[in-house]
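S.K.: See start_14.cif below, with mmCIF, N, CA and C atoms and all ligand atoms.
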data_start
loop_
_atom_site.label_atom_id
_atom_site.label_comp_id
_atom_site.auth_asym_id
_atom_site.auth_seq_id
_atom_site.Cartn_x
_atom_site.Cartn_y
_atom_site.Cartn_z
N MET A 1 -2.47 14.94 1.73
CA MET A 1 -2.22 15.27 0.32
C MET A 1 -2.94 16.56 -0.04
N HIS A 2 -2.20 17.47 -0.65
CA HIS A 2 -2.82 18.70 -1.13
C HIS A 2 -2.50 18.81 -2.62
N ASN A 3 -3.43 18.37 -3.41
CA ASN A 3 -3.18 18.31 -4.85
C ASN A 3 -3.85 19.47 -5.57
N THR A 4 -3.10 20.06 -6.47
CA THR A 4 -3.70 21.04 -7.36
C THR A 4 -4.45 20.29 -8.46
N PRO A 5 -5.34 20.98 -9.16
CA PRO A 5 -6.01 20.31 -10.29
C PRO A 5 -5.01 19.76 -11.31
N LYS A 6 -3.88 20.46 -11.49
CA LYS A 6 -2.86 19.96 -12.42
C LYS A 6 -2.26 18.65 -11.90
N ASP A 7 -1.96 18.59 -10.59
CA ASP A 7 -1.47 17.34 -10.01
C ASP A 7 -2.45 16.21 -10.28
N ASN A 8 -3.72 16.47 -10.02
CA ASN A 8 -4.72 15.42 -10.19
C ASN A 8 -4.79 14.93 -11.62
N MET A 9 -4.65 15.85 -12.57
CA MET A 9 -4.67 15.44 -13.98
C MET A 9 -3.48 14.56 -14.30
N GLU A 10 -2.33 14.91 -13.74
CA GLU A 10 -1.14 14.10 -14.00
C GLU A 10 -1.27 12.71 -13.39
N TRP A 11 -1.83 12.65 -12.18
CA TRP A 11 -2.03 11.32 -11.56
C TRP A 11 -3.03 10.50 -12.37
N LYS A 12 -4.04 11.14 -12.90
CA LYS A 12 -5.04 10.41 -13.69
C LYS A 12 -4.44 9.82 -14.95
N GLU A 13 -3.44 10.51 -15.50
CA GLU A 13 -2.77 9.98 -16.70
C GLU A 13 -1.86 8.81 -16.35
N LYS A 14 -1.27 8.88 -15.16
CA LYS A 14 -0.26 7.90 -14.76
C LYS A 14 -0.88 6.62 -14.21
N LEU A 15 -2.00 6.74 -13.53
CA LEU A 15 -2.58 5.62 -12.80
C LEU A 15 -3.81 5.07 -13.50
N THR A 16 -4.12 3.80 -13.23
CA THR A 16 -5.40 3.25 -13.69
C THR A 16 -6.51 3.90 -12.87
N PRO A 17 -7.76 3.84 -13.34
CA PRO A 17 -8.87 4.43 -12.56
C PRO A 17 -8.95 3.84 -11.14
N GLU A 18 -8.73 2.53 -11.01
CA GLU A 18 -8.78 1.90 -9.68
C GLU A 18 -7.60 2.37 -8.81
N GLN A 19 -6.42 2.47 -9.41
CA GLN A 19 -5.28 2.99 -8.65
C GLN A 19 -5.54 4.43 -8.22
N TYR A 20 -6.11 5.24 -9.08
CA TYR A 20 -6.39 6.63 -8.73
C TYR A 20 -7.38 6.71 -7.57
N ARG A 21 -8.40 5.88 -7.64
CA ARG A 21 -9.44 5.87 -6.60
C ARG A 21 -8.83 5.50 -5.24
N VAL A 22 -7.98 4.48 -5.23
CA VAL A 22 -7.39 4.03 -3.96
C VAL A 22 -6.25 4.96 -3.52
N MET A 23 -5.32 5.23 -4.44
CA MET A 23 -4.07 5.91 -4.04
C MET A 23 -4.22 7.41 -3.87
N ARG A 24 -5.09 8.03 -4.65
CA ARG A 24 -5.22 9.49 -4.57
C ARG A 24 -6.52 9.92 -3.91
N GLU A 25 -7.49 9.00 -3.76
CA GLU A 25 -8.75 9.35 -3.09
C GLU A 25 -8.98 8.49 -1.85
N LYS A 26 -7.92 7.79 -1.40
CA LYS A 26 -7.95 7.01 -0.17
C LYS A 26 -9.06 5.95 -0.19
N GLY A 27 -9.24 5.31 -1.31
CA GLY A 27 -10.21 4.24 -1.41
C GLY A 27 -9.64 2.92 -0.91
N THR A 28 -10.46 1.88 -0.95
CA THR A 28 -10.04 0.54 -0.55
C THR A 28 -10.51 -0.45 -1.60
N GLU A 29 -9.60 -1.33 -2.02
CA GLU A 29 -10.03 -2.36 -2.96
C GLU A 29 -10.81 -3.44 -2.21
N ARG A 30 -11.66 -4.17 -2.92
CA ARG A 30 -12.42 -5.24 -2.28
C ARG A 30 -11.47 -6.35 -1.86
N PRO A 31 -11.63 -6.89 -0.63
CA PRO A 31 -10.73 -7.95 -0.17
C PRO A 31 -10.81 -9.18 -1.05
N PHE A 32 -9.73 -9.93 -1.10
CA PHE A 32 -9.61 -11.17 -1.87
C PHE A 32 -9.74 -10.96 -3.38
N THR A 33 -9.58 -9.72 -3.84
CA THR A 33 -9.67 -9.44 -5.27
C THR A 33 -8.34 -8.98 -5.84
N GLY A 34 -7.40 -8.54 -5.02
CA GLY A 34 -6.16 -7.95 -5.52
C GLY A 34 -5.19 -9.01 -6.00
N ARG A 35 -4.17 -8.56 -6.73
CA ARG A 35 -3.25 -9.53 -7.33
C ARG A 35 -2.22 -10.08 -6.35
N TYR A 36 -2.06 -9.46 -5.18
CA TYR A 36 -0.97 -9.87 -4.29
C TYR A 36 -1.39 -10.45 -2.95
N PHE A 37 -2.68 -10.45 -2.61
CA PHE A 37 -3.03 -10.86 -1.24
C PHE A 37 -2.56 -12.27 -0.95
N ASP A 38 -2.53 -13.14 -1.96
CA ASP A 38 -2.19 -14.55 -1.80
C ASP A 38 -0.79 -14.86 -2.33
N SER A 39 -0.07 -13.87 -2.79
CA SER A 39 1.20 -14.11 -3.47
C SER A 39 2.29 -14.53 -2.48
N LYS A 40 3.08 -15.52 -2.88
CA LYS A 40 4.22 -15.95 -2.06
C LYS A 40 5.53 -15.73 -2.82
N GLU A 41 5.48 -15.00 -3.90
CA GLU A 41 6.69 -14.79 -4.71
C GLU A 41 7.67 -13.89 -3.97
N LYS A 42 8.97 -14.12 -4.24
CA LYS A 42 10.03 -13.38 -3.56
C LYS A 42 10.40 -12.13 -4.36
N GLY A 43 10.60 -11.05 -3.65
CA GLY A 43 11.02 -9.83 -4.31
C GLY A 43 10.75 -8.62 -3.44
N VAL A 44 10.75 -7.47 -4.08
CA VAL A 44 10.52 -6.21 -3.38
C VAL A 44 9.23 -5.58 -3.91
N TYR A 45 8.34 -5.25 -2.99
CA TYR A 45 7.10 -4.57 -3.34
C TYR A 45 7.36 -3.07 -3.37
N LYS A 46 7.09 -2.47 -4.52
CA LYS A 46 7.33 -1.04 -4.69
C LYS A 46 6.02 -0.28 -4.85
N CYS A 47 6.07 1.02 -4.59
CA CYS A 47 4.90 1.88 -4.80
C CYS A 47 4.54 1.86 -6.28
N ALA A 48 3.28 1.57 -6.59
CA ALA A 48 2.86 1.50 -7.99
C ALA A 48 2.83 2.88 -8.65
N ALA A 49 2.83 3.93 -7.85
CA ALA A 49 2.79 5.28 -8.42
C ALA A 49 4.17 5.84 -8.70
N CYS A 50 5.15 5.54 -7.82
CA CYS A 50 6.45 6.21 -7.96
C CYS A 50 7.65 5.27 -7.91
N GLY A 51 7.44 3.97 -7.62
CA GLY A 51 8.55 3.02 -7.62
C GLY A 51 9.35 2.96 -6.33
N ASN A 52 8.95 3.72 -5.32
CA ASN A 52 9.64 3.70 -4.02
C ASN A 52 9.56 2.29 -3.41
N PRO A 53 10.70 1.67 -3.01
CA PRO A 53 10.64 0.36 -2.37
C PRO A 53 9.93 0.43 -1.02
N LEU A 54 8.94 -0.44 -0.83
CA LEU A 54 8.10 -0.35 0.38
C LEU A 54 8.28 -1.54 1.31
N PHE A 55 8.14 -2.76 0.75
CA PHE A 55 8.15 -3.96 1.58
C PHE A 55 8.95 -5.06 0.89
N SER A 56 9.67 -5.86 1.71
CA SER A 56 10.27 -7.09 1.22
C SER A 56 9.25 -8.21 1.32
N SER A 57 9.30 -9.14 0.37
CA SER A 57 8.41 -10.31 0.46
C SER A 57 8.69 -11.10 1.74
N ASP A 58 9.90 -10.97 2.29
CA ASP A 58 10.23 -11.68 3.54
C ASP A 58 9.38 -11.21 4.72
N ALA A 59 8.85 -10.00 4.63
CA ALA A 59 8.04 -9.45 5.73
C ALA A 59 6.55 -9.67 5.50
N LYS A 60 6.19 -10.40 4.44
CA LYS A 60 4.78 -10.63 4.11
C LYS A 60 4.27 -11.83 4.88
N PHE A 61 3.07 -11.75 5.37
CA PHE A 61 2.45 -12.90 6.04
C PHE A 61 0.98 -13.00 5.65
N ASP A 62 0.44 -14.18 5.87
CA ASP A 62 -0.96 -14.40 5.50
C ASP A 62 -1.85 -13.98 6.66
N SER A 63 -2.48 -12.82 6.52
CA SER A 63 -3.31 -12.29 7.61
C SER A 63 -4.74 -12.81 7.55
N GLY A 64 -5.12 -13.43 6.43
CA GLY A 64 -6.49 -13.89 6.28
C GLY A 64 -7.49 -12.79 5.99
N THR A 65 -7.00 -11.55 5.82
CA THR A 65 -7.90 -10.42 5.63
C THR A 65 -8.30 -10.23 4.17
N GLY A 66 -7.52 -10.82 3.24
CA GLY A 66 -7.80 -10.58 1.82
C GLY A 66 -7.01 -9.42 1.24
N TRP A 67 -6.16 -8.82 2.07
CA TRP A 67 -5.24 -7.78 1.58
C TRP A 67 -3.81 -8.21 1.89
N PRO A 68 -2.86 -7.88 1.00
CA PRO A 68 -1.47 -8.18 1.32
C PRO A 68 -1.08 -7.50 2.64
N SER A 69 -0.38 -8.28 3.49
CA SER A 69 -0.07 -7.80 4.84
C SER A 69 1.41 -8.05 5.13
N TYR A 70 2.01 -7.09 5.78
CA TYR A 70 3.45 -7.13 6.08
C TYR A 70 3.64 -6.74 7.54
N TYR A 71 4.73 -7.25 8.15
CA TYR A 71 4.94 -6.86 9.56
C TYR A 71 5.95 -5.73 9.71
N THR A 72 6.65 -5.38 8.63
CA THR A 72 7.57 -4.23 8.72
C THR A 72 7.85 -3.69 7.33
N PRO A 73 8.09 -2.38 7.20
CA PRO A 73 8.49 -1.83 5.90
C PRO A 73 9.95 -2.15 5.60
N ILE A 74 10.37 -1.90 4.38
CA ILE A 74 11.74 -2.26 3.96
C ILE A 74 12.76 -1.26 4.51
N SER A 75 12.34 -0.04 4.78
CA SER A 75 13.23 0.93 5.42
C SER A 75 12.40 1.92 6.23
N GLU A 76 13.07 2.66 7.10
CA GLU A 76 12.36 3.59 7.99
C GLU A 76 11.69 4.71 7.23
N THR A 77 12.24 5.06 6.07
CA THR A 77 11.69 6.19 5.33
C THR A 77 10.76 5.76 4.20
N SER A 78 10.50 4.46 4.09
CA SER A 78 9.63 3.98 3.00
C SER A 78 8.22 4.53 3.11
N LEU A 79 7.74 4.68 4.34
CA LEU A 79 6.33 5.00 4.57
C LEU A 79 6.20 6.28 5.37
N ALA A 80 5.02 6.87 5.29
CA ALA A 80 4.65 7.97 6.18
C ALA A 80 3.30 7.62 6.78
N TYR A 81 2.96 8.29 7.87
CA TYR A 81 1.79 7.89 8.65
C TYR A 81 0.93 9.11 8.95
N ALA A 82 -0.37 8.87 9.06
CA ALA A 82 -1.29 9.95 9.42
C ALA A 82 -2.46 9.36 10.18
N GLU A 83 -3.05 10.18 11.06
CA GLU A 83 -4.24 9.72 11.76
C GLU A 83 -5.43 9.77 10.81
N ASP A 84 -6.24 8.71 10.84
CA ASP A 84 -7.41 8.62 9.98
C ASP A 84 -8.63 8.33 10.85
N THR A 85 -9.54 9.30 10.92
CA THR A 85 -10.74 9.12 11.75
C THR A 85 -12.00 8.93 10.91
N SER A 86 -11.81 8.57 9.62
CA SER A 86 -12.98 8.37 8.75
C SER A 86 -13.71 7.09 9.10
N HIS A 87 -14.94 6.98 8.66
CA HIS A 87 -15.77 5.78 8.85
C HIS A 87 -15.97 5.43 10.33
N GLY A 88 -15.92 6.44 11.22
CA GLY A 88 -16.17 6.21 12.63
C GLY A 88 -15.10 5.40 13.33
N MET A 89 -13.91 5.31 12.71
CA MET A 89 -12.84 4.54 13.32
C MET A 89 -11.63 5.44 13.52
N ARG A 90 -10.79 5.05 14.45
CA ARG A 90 -9.52 5.75 14.66
C ARG A 90 -8.43 4.81 14.16
N ARG A 91 -7.86 5.14 13.02
CA ARG A 91 -6.86 4.25 12.42
C ARG A 91 -5.62 5.05 12.04
N VAL A 92 -4.54 4.32 11.77
CA VAL A 92 -3.32 4.95 11.27
C VAL A 92 -3.24 4.68 9.78
N GLU A 93 -3.32 5.77 9.01
CA GLU A 93 -3.19 5.65 7.57
C GLU A 93 -1.72 5.50 7.18
N VAL A 94 -1.45 4.62 6.22
CA VAL A 94 -0.09 4.44 5.70
C VAL A 94 -0.04 5.03 4.30
N THR A 95 0.94 5.92 4.08
CA THR A 95 1.13 6.49 2.75
C THR A 95 2.57 6.24 2.29
N CYS A 96 2.79 6.37 0.99
CA CYS A 96 4.14 6.26 0.45
C CYS A 96 4.99 7.41 0.98
N GLY A 97 6.19 7.09 1.49
CA GLY A 97 7.07 8.10 2.04
C GLY A 97 7.64 9.03 0.99
N LYS A 98 7.53 8.66 -0.27
CA LYS A 98 8.10 9.48 -1.33
C LYS A 98 7.05 10.32 -2.05
N CYS A 99 5.95 9.70 -2.49
CA CYS A 99 4.97 10.44 -3.30
C CYS A 99 3.68 10.76 -2.56
N GLY A 100 3.52 10.23 -1.34
CA GLY A 100 2.35 10.57 -0.53
C GLY A 100 1.09 9.83 -0.89
N SER A 101 1.16 8.90 -1.83
CA SER A 101 -0.05 8.16 -2.21
C SER A 101 -0.54 7.30 -1.04
N HIS A 102 -1.84 7.20 -0.91
CA HIS A 102 -2.45 6.33 0.09
C HIS A 102 -2.15 4.87 -0.26
N LEU A 103 -1.77 4.09 0.77
CA LEU A 103 -1.47 2.67 0.56
C LEU A 103 -2.40 1.75 1.34
N GLY A 104 -2.72 2.12 2.56
CA GLY A 104 -3.55 1.26 3.41
C GLY A 104 -3.49 1.75 4.84
N HIS A 105 -3.54 0.79 5.79
CA HIS A 105 -3.57 1.15 7.21
C HIS A 105 -2.64 0.26 8.02
N LEU A 106 -2.27 0.77 9.19
CA LEU A 106 -1.38 0.05 10.11
C LEU A 106 -2.15 -0.32 11.37
N PHE A 107 -2.06 -1.61 11.75
CA PHE A 107 -2.75 -2.10 12.95
C PHE A 107 -1.73 -2.75 13.89
N ASP A 108 -2.15 -2.90 15.13
CA ASP A 108 -1.26 -3.42 16.17
C ASP A 108 -1.50 -4.90 16.47
N ASP A 109 -2.06 -5.63 15.53
CA ASP A 109 -2.38 -7.04 15.80
C ASP A 109 -1.58 -7.98 14.89
N GLY A 110 -0.38 -7.54 14.51
CA GLY A 110 0.45 -8.37 13.62
C GLY A 110 1.28 -9.37 14.39
N PRO A 111 2.02 -10.21 13.66
CA PRO A 111 2.82 -11.26 14.29
C PRO A 111 4.15 -10.72 14.84
N ALA A 112 4.82 -11.54 15.64
CA ALA A 112 6.18 -11.23 16.08
C ALA A 112 7.09 -11.17 14.85
N PRO A 113 8.16 -10.43 14.84
CA PRO A 113 8.70 -9.70 15.99
C PRO A 113 8.12 -8.30 16.21
N SER A 114 7.44 -7.73 15.22
CA SER A 114 7.03 -6.32 15.35
C SER A 114 5.68 -6.16 16.03
N GLY A 115 4.80 -7.17 15.91
CA GLY A 115 3.44 -7.00 16.39
C GLY A 115 2.60 -6.07 15.54
N LYS A 116 3.17 -5.66 14.40
CA LYS A 116 2.47 -4.72 13.52
C LYS A 116 1.88 -5.45 12.31
N ARG A 117 0.80 -4.91 11.81
CA ARG A 117 0.21 -5.41 10.57
C ARG A 117 -0.02 -4.24 9.62
N TYR A 118 0.81 -4.19 8.58
CA TYR A 118 0.64 -3.19 7.53
C TYR A 118 -0.30 -3.79 6.50
N CYS A 119 -1.52 -3.27 6.46
CA CYS A 119 -2.58 -3.81 5.60
C CYS A 119 -2.67 -2.93 4.36
N ILE A 120 -2.23 -3.47 3.23
CA ILE A 120 -1.96 -2.64 2.04
C ILE A 120 -2.81 -3.11 0.86
N ASN A 121 -3.32 -2.19 0.09
CA ASN A 121 -4.07 -2.54 -1.12
C ASN A 121 -3.12 -3.03 -2.22
N SER A 122 -3.46 -4.17 -2.81
CA SER A 122 -2.62 -4.72 -3.89
C SER A 122 -2.39 -3.72 -5.02
N VAL A 123 -3.42 -2.97 -5.32
CA VAL A 123 -3.38 -2.09 -6.48
C VAL A 123 -2.34 -0.98 -6.31
N CYS A 124 -1.90 -0.75 -5.08
CA CYS A 124 -0.88 0.27 -4.79
C CYS A 124 0.52 -0.28 -4.93
N LEU A 125 0.66 -1.58 -5.21
CA LEU A 125 1.95 -2.24 -5.18
C LEU A 125 2.36 -2.76 -6.55
N ASP A 126 3.67 -2.83 -6.73
CA ASP A 126 4.27 -3.46 -7.91
C ASP A 126 5.38 -4.36 -7.39
N LEU A 127 5.26 -5.65 -7.59
CA LEU A 127 6.29 -6.58 -7.10
C LEU A 127 7.41 -6.71 -8.14
N GLU A 128 8.60 -6.31 -7.73
CA GLU A 128 9.78 -6.58 -8.54
C GLU A 128 10.34 -7.91 -8.06
N LYS A 129 10.13 -8.96 -8.86
CA LYS A 129 10.54 -10.28 -8.44
C LYS A 129 12.05 -10.41 -8.45
N ASP A 130 12.58 -11.24 -7.54
CA ASP A 130 14.02 -11.38 -7.36
C ASP A 130 14.74 -11.71 -8.67
N GLU A 131 14.16 -12.62 -9.46
CA GLU A 131 14.85 -13.05 -10.67
C GLU A 131 14.85 -11.99 -11.78
N GLU A 132 14.05 -10.93 -11.58
CA GLU A 132 14.00 -9.88 -12.62
C GLU A 132 15.10 -8.83 -12.43
N LYS A 133 15.78 -8.87 -11.27
CA LYS A 133 16.77 -7.84 -10.97
C LYS A 133 17.99 -7.95 -11.87
FE FE B 201 4.98 6.43 -4.05
#
Show me the file's structure as structure tokens.
M.R.:
Amino acid sequence: MHNTPKDNMEWKEKLTPEQYRVMREKGTERPFTGRYFDSKEKGVYKCAACGNPLFSSDAKFDSGTGWPSYYTPISETSLAYAEDTSHGMRRVEVTCGKCGSHLGHLFDDGPAPSGKRYCINSVCLDLEKDEEK
């Protein structure tokens, strides 16, 4: 992300302080505190910053980590990826494929069929429930 000061001001107006910290400053919410880690409701999880569809509830699983976890995105272009070597770790950062906001990280210890675990901060997500469509 390469944000101008004007971009940052616009994001600050659009997002809550916690969303700004996580989505635009690559922060992490405390585990077991977010609104979706335990959610079993059906629908589509969208980017809280731009509305881009990210994950189906059908791909959500209980990882026990305290963050909402999915084994696959809803489409190939939903997400973008970057290498993250912060905090002495080598991880794959997951960002929104449309607006570039930080969402979480991708790990290789997920369930079948993908073996992937998309570990996402609740605060970056907005669940559009099936019955609301
Ligand atoms: Fe987005």
S.K.: Write out as a PyMOL selection string which residues come within 6 Å of segment 118-120 of chain A when counting all atoms listed in the file, dropping same-chain ones fewer than 5 positions away.
M.R.: chain A and resi 67-72+103-107
S.K.: Please identify all protein, DNA and RNA residues within 6.5 Å of ligand FE 201 (chain B), counting only N, CA and C atoms and all ligand atoms, and report them as a list in words.
M.R.: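 Every residue with an atom at most 6.5 Å from ligand FE 201 (chain B) is listed here: Cys47, Ala48, Ala49, Cys50, Gly51, Asn52, Cys96, Gly97, Lys98, Cys99, Gly100 and Ser101 of chain A.
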S.K.: Please determine, counting all atoms listed in the file, which residue among A:Gly66, A:Asp58, A:Gly27, A:Glu18 has the shortest atom-to-atom distance to Glu41 of chain A.
M.R.: A:Asp58
S.K.: When you count only N, CA and C atoms, which of these residues is closest to Leu125 of chain A: A:Thr33, A:Thr28, A:Ser39, A:Val44?
M.R.: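 Residue with the minimum atom-to-atom distance to Leu125 of chain A: A:Val44.
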S.K.: Taking (-2.4, 0.5, -10.7) in the file's coordinates as the center, which residues reach within 10 Å of it, counting only C-alpha atoms, put as a list in words?
M.R.: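 Neighbouring residues, ordered by chain and number, come to Lys14, Leu15, Thr16, Pro17, Glu18, Gln19, Tyr20, Arg21, Val22, Met23, Cys47, Ala48, Ala49, Ser122, Val123, Cys124, Leu125 and Asp126 of chain A.
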S.K.: Using the selection just defined, write its residues with N, CA and C atoms as a CSV table (one decimal), keeping the file's coordinate frame.
M.R.:
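And here is the file that came out, part-v6.csv:
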chain,number,residue,atom,x,y,z
A,14,LYS,N,-1.3,8.9,-15.2
A,14,LYS,CA,-0.3,7.9,-14.8
A,14,LYS,C,-0.9,6.6,-14.2
A,15,LEU,N,-2.0,6.7,-13.5
A,15,LEU,CA,-2.6,5.6,-12.8
A,15,LEU,C,-3.8,5.1,-13.5
A,16,THR,N,-4.1,3.8,-13.2
A,16,THR,CA,-5.4,3.2,-13.7
A,16,THR,C,-6.5,3.9,-12.9
A,17,PRO,N,-7.8,3.8,-13.3
A,17,PRO,CA,-8.9,4.4,-12.6
A,17,PRO,C,-9.0,3.8,-11.1
A,18,GLU,N,-8.7,2.5,-11.0
A,18,GLU,CA,-8.8,1.9,-9.7
A,18,GLU,C,-7.6,2.4,-8.8
A,19,GLN,N,-6.4,2.5,-9.4
A,19,GLN,CA,-5.3,3.0,-8.6
A,19,GLN,C,-5.5,4.4,-8.2
A,20,TYR,N,-6.1,5.2,-9.1
A,20,TYR,CA,-6.4,6.6,-8.7
A,20,TYR,C,-7.4,6.7,-7.6
A,21,ARG,N,-8.4,5.9,-7.6
A,21,ARG,CA,-9.4,5.9,-6.6
A,21,ARG,C,-8.8,5.5,-5.2
A,22,VAL,N,-8.0,4.5,-5.2
A,22,VAL,CA,-7.4,4.0,-4.0
A,22,VAL,C,-6.2,5.0,-3.5
A,23,MET,N,-5.3,5.2,-4.4
A,23,MET,CA,-4.1,5.9,-4.0
A,23,MET,C,-4.2,7.4,-3.9
A,47,CYS,N,6.1,1.0,-4.6
A,47,CYS,CA,4.9,1.9,-4.8
A,47,CYS,C,4.5,1.9,-6.3
A,48,ALA,N,3.3,1.6,-6.6
A,48,ALA,CA,2.9,1.5,-8.0
A,48,ALA,C,2.8,2.9,-8.6
A,49,ALA,N,2.8,3.9,-7.8
A,49,ALA,CA,2.8,5.3,-8.4
A,49,ALA,C,4.2,5.8,-8.7
A,122,SER,N,-3.5,-4.2,-2.8
A,122,SER,CA,-2.6,-4.7,-3.9
A,122,SER,C,-2.4,-3.7,-5.0
A,123,VAL,N,-3.4,-3.0,-5.3
A,123,VAL,CA,-3.4,-2.1,-6.5
A,123,VAL,C,-2.3,-1.0,-6.3
A,124,CYS,N,-1.9,-0.8,-5.1
A,124,CYS,CA,-0.9,0.3,-4.8
A,124,CYS,C,0.5,-0.3,-4.9
A,125,LEU,N,0.7,-1.6,-5.2
A,125,LEU,CA,2.0,-2.2,-5.2
A,125,LEU,C,2.4,-2.8,-6.6
A,126,ASP,N,3.7,-2.8,-6.7
A,126,ASP,CA,4.3,-3.5,-7.9
A,126,ASP,C,5.4,-4.4,-7.4
S.K.: Apply DSSP to the structure's backbone, then extract all residues of chain A labelled strand (DSSP E or B) and return them as a PyMOL selection string.
M.R.: chain A and resi 43-47+53-56+60-61+69-70+79-84+91-96+102-107+117-120+125-129
S.K.: Please, what distance in Å, to one decimal, runs between atom N of Asn3 of chain A and atom N of Glu93 of chain A?
M.R.: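 For atom N of Asn3 of chain A relative to atom N of Glu93 of chain A, the distance reads 17.7 Å.
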S.K.: Quick one: distance from atom CA of Ser114 of chain A to atom CA of Pro73 of chain A in Å, one decimal?
M.R.: 10.6 Å
S.K.: Out of chain A, which residues get alpha helix (DSSP H) from DSSP, as a list of chain:residue names?
M.R.: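 Matching residues, listed in order: A:Pro5, A:Lys6, A:Asp7, A:Asn8, A:Met9, A:Glu10, A:Trp11, A:Lys12, A:Glu13, A:Lys14, A:Pro17, A:Glu18, A:Gln19.
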S.K.: So which residues are close to (10.0, 2.4, 2.5), meaning at most 7 Å away in the file's coordinates with all atoms listed in the file counted, and can you show them as a list in words?
M.R.: Asn52, Pro53, Leu54, Phe55, Pro73, Ile74, Ser75, Glu76, Thr77, Ser78, Leu79 and Gly97 of chain A
S.K.: Grab the residues selected above and save them as a compact mmCIF listing (two decimals), in the frame of the given file with N, CA and C atoms.
M.R.:
# COMPACT_ATOMS: atom_id res chain seq x y z
N ASN A 52 8.95 3.72 -5.32
CA ASN A 52 9.64 3.70 -4.02
C ASN A 52 9.56 2.29 -3.41
N PRO A 53 10.70 1.67 -3.01
CA PRO A 53 10.64 0.36 -2.37
C PRO A 53 9.93 0.43 -1.02
N LEU A 54 8.94 -0.44 -0.83
CA LEU A 54 8.10 -0.35 0.38
C LEU A 54 8.28 -1.54 1.31
N PHE A 55 8.14 -2.76 0.75
CA PHE A 55 8.15 -3.96 1.58
C PHE A 55 8.95 -5.06 0.89
N PRO A 73 8.09 -2.38 7.20
CA PRO A 73 8.49 -1.83 5.90
C PRO A 73 9.95 -2.15 5.60
N ILE A 74 10.37 -1.90 4.38
CA ILE A 74 11.74 -2.26 3.96
C ILE A 74 12.76 -1.26 4.51
N SER A 75 12.34 -0.04 4.78
CA SER A 75 13.23 0.93 5.42
C SER A 75 12.40 1.92 6.23
N GLU A 76 13.07 2.66 7.10
CA GLU A 76 12.36 3.59 7.99
C GLU A 76 11.69 4.71 7.23
N THR A 77 12.24 5.06 6.07
CA THR A 77 11.69 6.19 5.33
C THR A 77 10.76 5.76 4.20
N SER A 78 10.50 4.46 4.09
CA SER A 78 9.63 3.98 3.00
C SER A 78 8.22 4.53 3.11
N LEU A 79 7.74 4.68 4.34
CA LEU A 79 6.33 5.00 4.57
C LEU A 79 6.20 6.28 5.37
N GLY A 97 6.19 7.09 1.49
CA GLY A 97 7.07 8.10 2.04
C GLY A 97 7.64 9.03 0.99
S.K.: Would you compute the distance between atom CA of Leu127 of chain A and atom CA of His102 of chain A? Give it in Å to one decimal.
M.R.: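 Separation of atom CA of Leu127 of chain A and atom CA of His102 of chain A: 17.2 Å.
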S.K.: Would you compute, for all listed atoms of segment 114-132 of chain A, the axis-aligned bounding box grown by 4 Å on each side, and then report its centre and edge lengths in Å rounded to one decimal, as JSON?
M.R.:
{"center_x": 5.5, "center_y": -6.4, "center_z": 1.9, "size_x": 27.2, "size_y": 21.3, "size_z": 37.0}
